[in-house]
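> Got a structure for you, questions after.
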Amino acid sequence: MDLSIILTYRCNSKCSMCYIWKHPTNPGYEVDLNTLDKLPDGFDYINLTGGEPTLRKDLEEICDLLYPKAKQLEISTNGLKVDKIIPIIKKHPDIKIRISLEGMGLTNDLIRGEKNGFEIKCEGMKKLIEAGGRDLGFATTFQDENIDEIVDIFKYTSNLNVEMATSALHNAFQFHKNDNYIYERKRVAKKVEELIIEMLRSNQPKNWFRAYLNLGLIRKILGQDRLHACTQGTDSIFIDPWGDVYACNVRNDLLMGNLHEQTWQEVYYGKKAEEIRKLVAVCPQNCWMVSSAKTSMRSRIYYKIPKLKVMYWVLLNKIKVSLNRHIKFESYIDYNNIIDDRQINHRISYLNKTIKKELQPEKSVNYKQLNSYFNR
Ligand code: SF4
């Protein structure tokens, strides 16, 4: 199974689609090495995320501890502090690194509130390549503001010989905002079709399966049902900075237990976990984030191979693209069925909960300065 560990809710970006940066955690209360040591061996995949994981002073020790516990370890980062990752990559070159990149140049900087973010990330990626990183890439969230650049991002990543991970703008309780919404949904979805074709043209089989994942994102963008049922809570789980274990990071009612107070076995095999899995089975959110999409695309018989339906789609459309034939997207996507899926109407604050009351007060943001930067 897969595991995502949110190491911190501190962040040095100021993204427009996620306000974690306005609500930083107190470093003294963030999940520590002793608690993480309670995790068993044998995970398929562990993703260290945030907030911004490079803000953790003990990131290298965390990687050393968790590296043997998973077949693959990932650090999801904004790439602004790559120097913190270089020694880790030198030690473990196969750790997967994904740097968030929302556009080519200024588009990235505006969406993510990062001064010179694009240049810093590109430089950082080059340093990681030089350091010997073997599984490097960028990660992009499709939204109205960057959709015209996604094919350029893919070409850029391909030229660098690194990967491009994708997701679509969505809401989640941890973002501290509920108004993430794609407005020109059909236009955005049609642009994703262009990326799918480019990915199928590539010589990398990984990109062919990413093309399928992007097909699922089109359905998400249009508010339609998932291509495969969500199995969060079973195949993939989130741990937050306070050690709380959630089935996913979208719904805060899917709390399975706490790793400070319980063992992993008590959390994962407990009664509460069973109840939560029943809620996941009927969850109406229809998310298609990498964590839940990737696991649901896997065969139930043998996790290393994809489901037959996925394999069939990939092979059929790879052949079509190779023969310069048109992909019949209309067979998979009903563009007349655009559903308003704004289902999270009220984010419940966790400021009142005892274990989480140590959140630091919101840092004052100089909006005047930020706006002048955005309008430069
Ligand atoms: S579909 Fe439901 S359970 Fe699955 S990730 Fe989304 S909110 Fe969580």
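Order determines the names: the first chain of the structure tokens is A, the second B, and so forth; residues in each chain are numbered 1 upward, and ligands are numbered 1 upward as they are shown.
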If you count only C-alpha atoms, which residues fall within 9 Å of Lys220 (chain A), apart from same-chain ones fewer than 3 positions away, as a list of chain:residue names?
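Using only C-alpha atoms, the neighbours found are A:Ala168, A:His170, A:Leu215, A:Gly216, A:Leu217, A:Gly223, A:Gln224, A:Asp225, A:Arg226, A:Asn286, A:Cys287, A:Trp288, A:Asp341.
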> Restricting it to C-alpha atoms, dump the selection as a PDB file, in the first residue's frame.

ATOM      1  CA  ALA A 168      -6.406  18.991 -11.333  1.00  0.00           C
ATOM      2  CA  HIS A 170      -9.663  20.547  -6.285  1.00  0.00           C
ATOM      3  CA  LEU A 215      -8.060  10.866 -18.994  1.00  0.00           C
ATOM      4  CA  GLY A 216      -9.344  10.398 -15.440  1.00  0.00           C
ATOM      5  CA  LEU A 217      -8.466  14.023 -14.721  1.00  0.00           C
ATOM      6  CA  GLY A 223     -17.348  16.645 -12.448  1.00  0.00           C
ATOM      7  CA  GLN A 224     -18.010  13.104 -13.704  1.00  0.00           C
ATOM      8  CA  ASP A 225     -17.565   9.739 -11.962  1.00  0.00           C
ATOM      9  CA  ARG A 226     -14.095   8.310 -11.417  1.00  0.00           C
ATOM     10  CA  ASN A 286     -14.989  11.624  -7.222  1.00  0.00           C
ATOM     11  CA  CYS A 287     -11.432  12.821  -6.624  1.00  0.00           C
ATOM     12  CA  TRP A 288      -8.752  11.711  -9.021  1.00  0.00           C
ATOM     13  CA  ASP A 341     -19.270  19.083  -8.219  1.00  0.00           C
TER      14      ASP A 341
END
> Taking only C-alpha atoms and all ligand atoms and a cut-off of 8 Å, can you tell me which residues surround ligand 1, written as a PDB file with C-alpha atoms, in the first residue's frame?

ATOM      1  CA  ALA A 172      -9.504  19.647   0.386  1.00  0.00           C
ATOM      2  CA  ALA A 229     -13.516   3.294  -7.442  1.00  0.00           C
ATOM      3  CA  CYS A 230     -11.541   5.080  -4.730  1.00  0.00           C
ATOM      4  CA  THR A 231      -9.700   2.762  -2.339  1.00  0.00           C
ATOM      5  CA  GLN A 232      -8.244   5.359   0.023  1.00  0.00           C
ATOM      6  CA  GLY A 233      -8.003   4.050   3.564  1.00  0.00           C
ATOM      7  CA  ALA A 247      -8.025   7.849   4.689  1.00  0.00           C
ATOM      8  CA  CYS A 248      -7.330  10.869   2.493  1.00  0.00           C
ATOM      9  CA  ASN A 249      -6.450  14.537   2.723  1.00  0.00           C
ATOM     10  CA  VAL A 250      -9.711  15.780   1.219  1.00  0.00           C
ATOM     11  CA  ARG A 251     -12.299  14.848   3.864  1.00  0.00           C
ATOM     12  CA  LEU A 254     -12.196  10.171   7.487  1.00  0.00           C
ATOM     13  CA  LEU A 279     -17.569   5.770   4.001  1.00  0.00           C
ATOM     14  CA  VAL A 280     -14.857   5.755   1.319  1.00  0.00           C
ATOM     15  CA  ALA A 281     -16.783   3.114  -0.637  1.00  0.00           C
ATOM     16  CA  VAL A 282     -19.736   5.502  -0.998  1.00  0.00           C
ATOM     17  CA  CYS A 283     -17.791   8.757  -1.131  1.00  0.00           C
ATOM     18  CA  PRO A 284     -19.384  11.160  -3.615  1.00  0.00           C
ATOM     19  CA  GLN A 285     -16.310  13.366  -4.105  1.00  0.00           C
ATOM     20  CA  ASN A 286     -14.989  11.624  -7.222  1.00  0.00           C
ATOM     21  CA  CYS A 287     -11.432  12.821  -6.624  1.00  0.00           C
ATOM     22  CA  TRP A 288      -8.752  11.711  -9.021  1.00  0.00           C
ATOM     23  CA  MET A 289      -5.563  12.680  -7.234  1.00  0.00           C
ATOM     24  CA  SER A 291      -2.597   8.916  -4.616  1.00  0.00           C
ATOM     25  CA  SER A 292      -6.061   7.491  -5.187  1.00  0.00           C
TER      26      SER A 292
END
> Write out as a list of chain:residue names which residues come within 6 Å of region 131-146 of chain A when counting only C-alpha atoms, dropping same-chain ones fewer than 2 positions away.
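The filter keeps A:Ile89, A:Lys90, A:Pro93, A:Asp94, A:Lys96, A:Ile97, A:Arg98, A:Ile99, A:Ser100, A:Leu101, A:Glu102, A:Gly103, A:Leu128, A:Ile129, A:Asp148, A:Glu149, A:Val162, A:Glu163, A:Met164, A:Ala165, A:Thr166, A:Ser167, A:Ala168, A:Leu169, A:Ile182.
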> Here is a test: counting only C-alpha atoms, which residue of A:Ile6, A:Ile75, A:Leu222, A:Ile276 is nearest to Gly51 (chain A)?
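Result for the nearest residue to Gly51 (chain A): A:Ile6.
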> Go through A:Leu55, A:Val245, A:Leu110, A:Ala189 one by one, measure the shortest atom-to-atom distance of each to Glu261 (chain A) using only C-alpha atoms, and give the residue with the smallest value.
A:Val245
> Can you build me a table of region 113-212 of chain A residues sitting at most 6 Å from region 8-25 of chain A, with the closest atom pair per residue and its distance in Å to one decimal, using only C-alpha atoms, sorted by chain and residue number, as CSV?

residue,atom,partner,partner_atom,distance
A:Gly113,CA,A:Lys14,CA,4.5
A:Glu114,CA,A:Ser13,CA,5.8
A:Phe175,CA,A:Cys18,CA,4.6
A:His176,CA,A:Tyr19,CA,5.4
> Put those residues in a file: N, CA and C atoms, as a PDB file, in the first residue's frame.

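To be explicit, this is the file written out as again_18.pdb:
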ATOM      1  N   GLY A 113       2.823  32.282  -5.909  1.00  0.00           N
ATOM      2  CA  GLY A 113       3.325  33.362  -5.060  1.00  0.00           C
ATOM      3  C   GLY A 113       4.798  33.214  -4.753  1.00  0.00           C
ATOM      4  N   GLU A 114       5.572  32.839  -5.773  1.00  0.00           N
ATOM      5  CA  GLU A 114       7.003  32.580  -5.560  1.00  0.00           C
ATOM      6  C   GLU A 114       7.830  33.569  -6.385  1.00  0.00           C
ATOM      7  N   PHE A 175      -6.488  22.544   2.739  1.00  0.00           N
ATOM      8  CA  PHE A 175      -6.092  23.752   2.001  1.00  0.00           C
ATOM      9  C   PHE A 175      -6.554  25.048   2.675  1.00  0.00           C
ATOM     10  N   HIS A 176      -7.450  24.950   3.661  1.00  0.00           N
ATOM     11  CA  HIS A 176      -7.989  26.135   4.346  1.00  0.00           C
ATOM     12  C   HIS A 176      -8.724  27.061   3.382  1.00  0.00           C
TER      13      HIS A 176
END
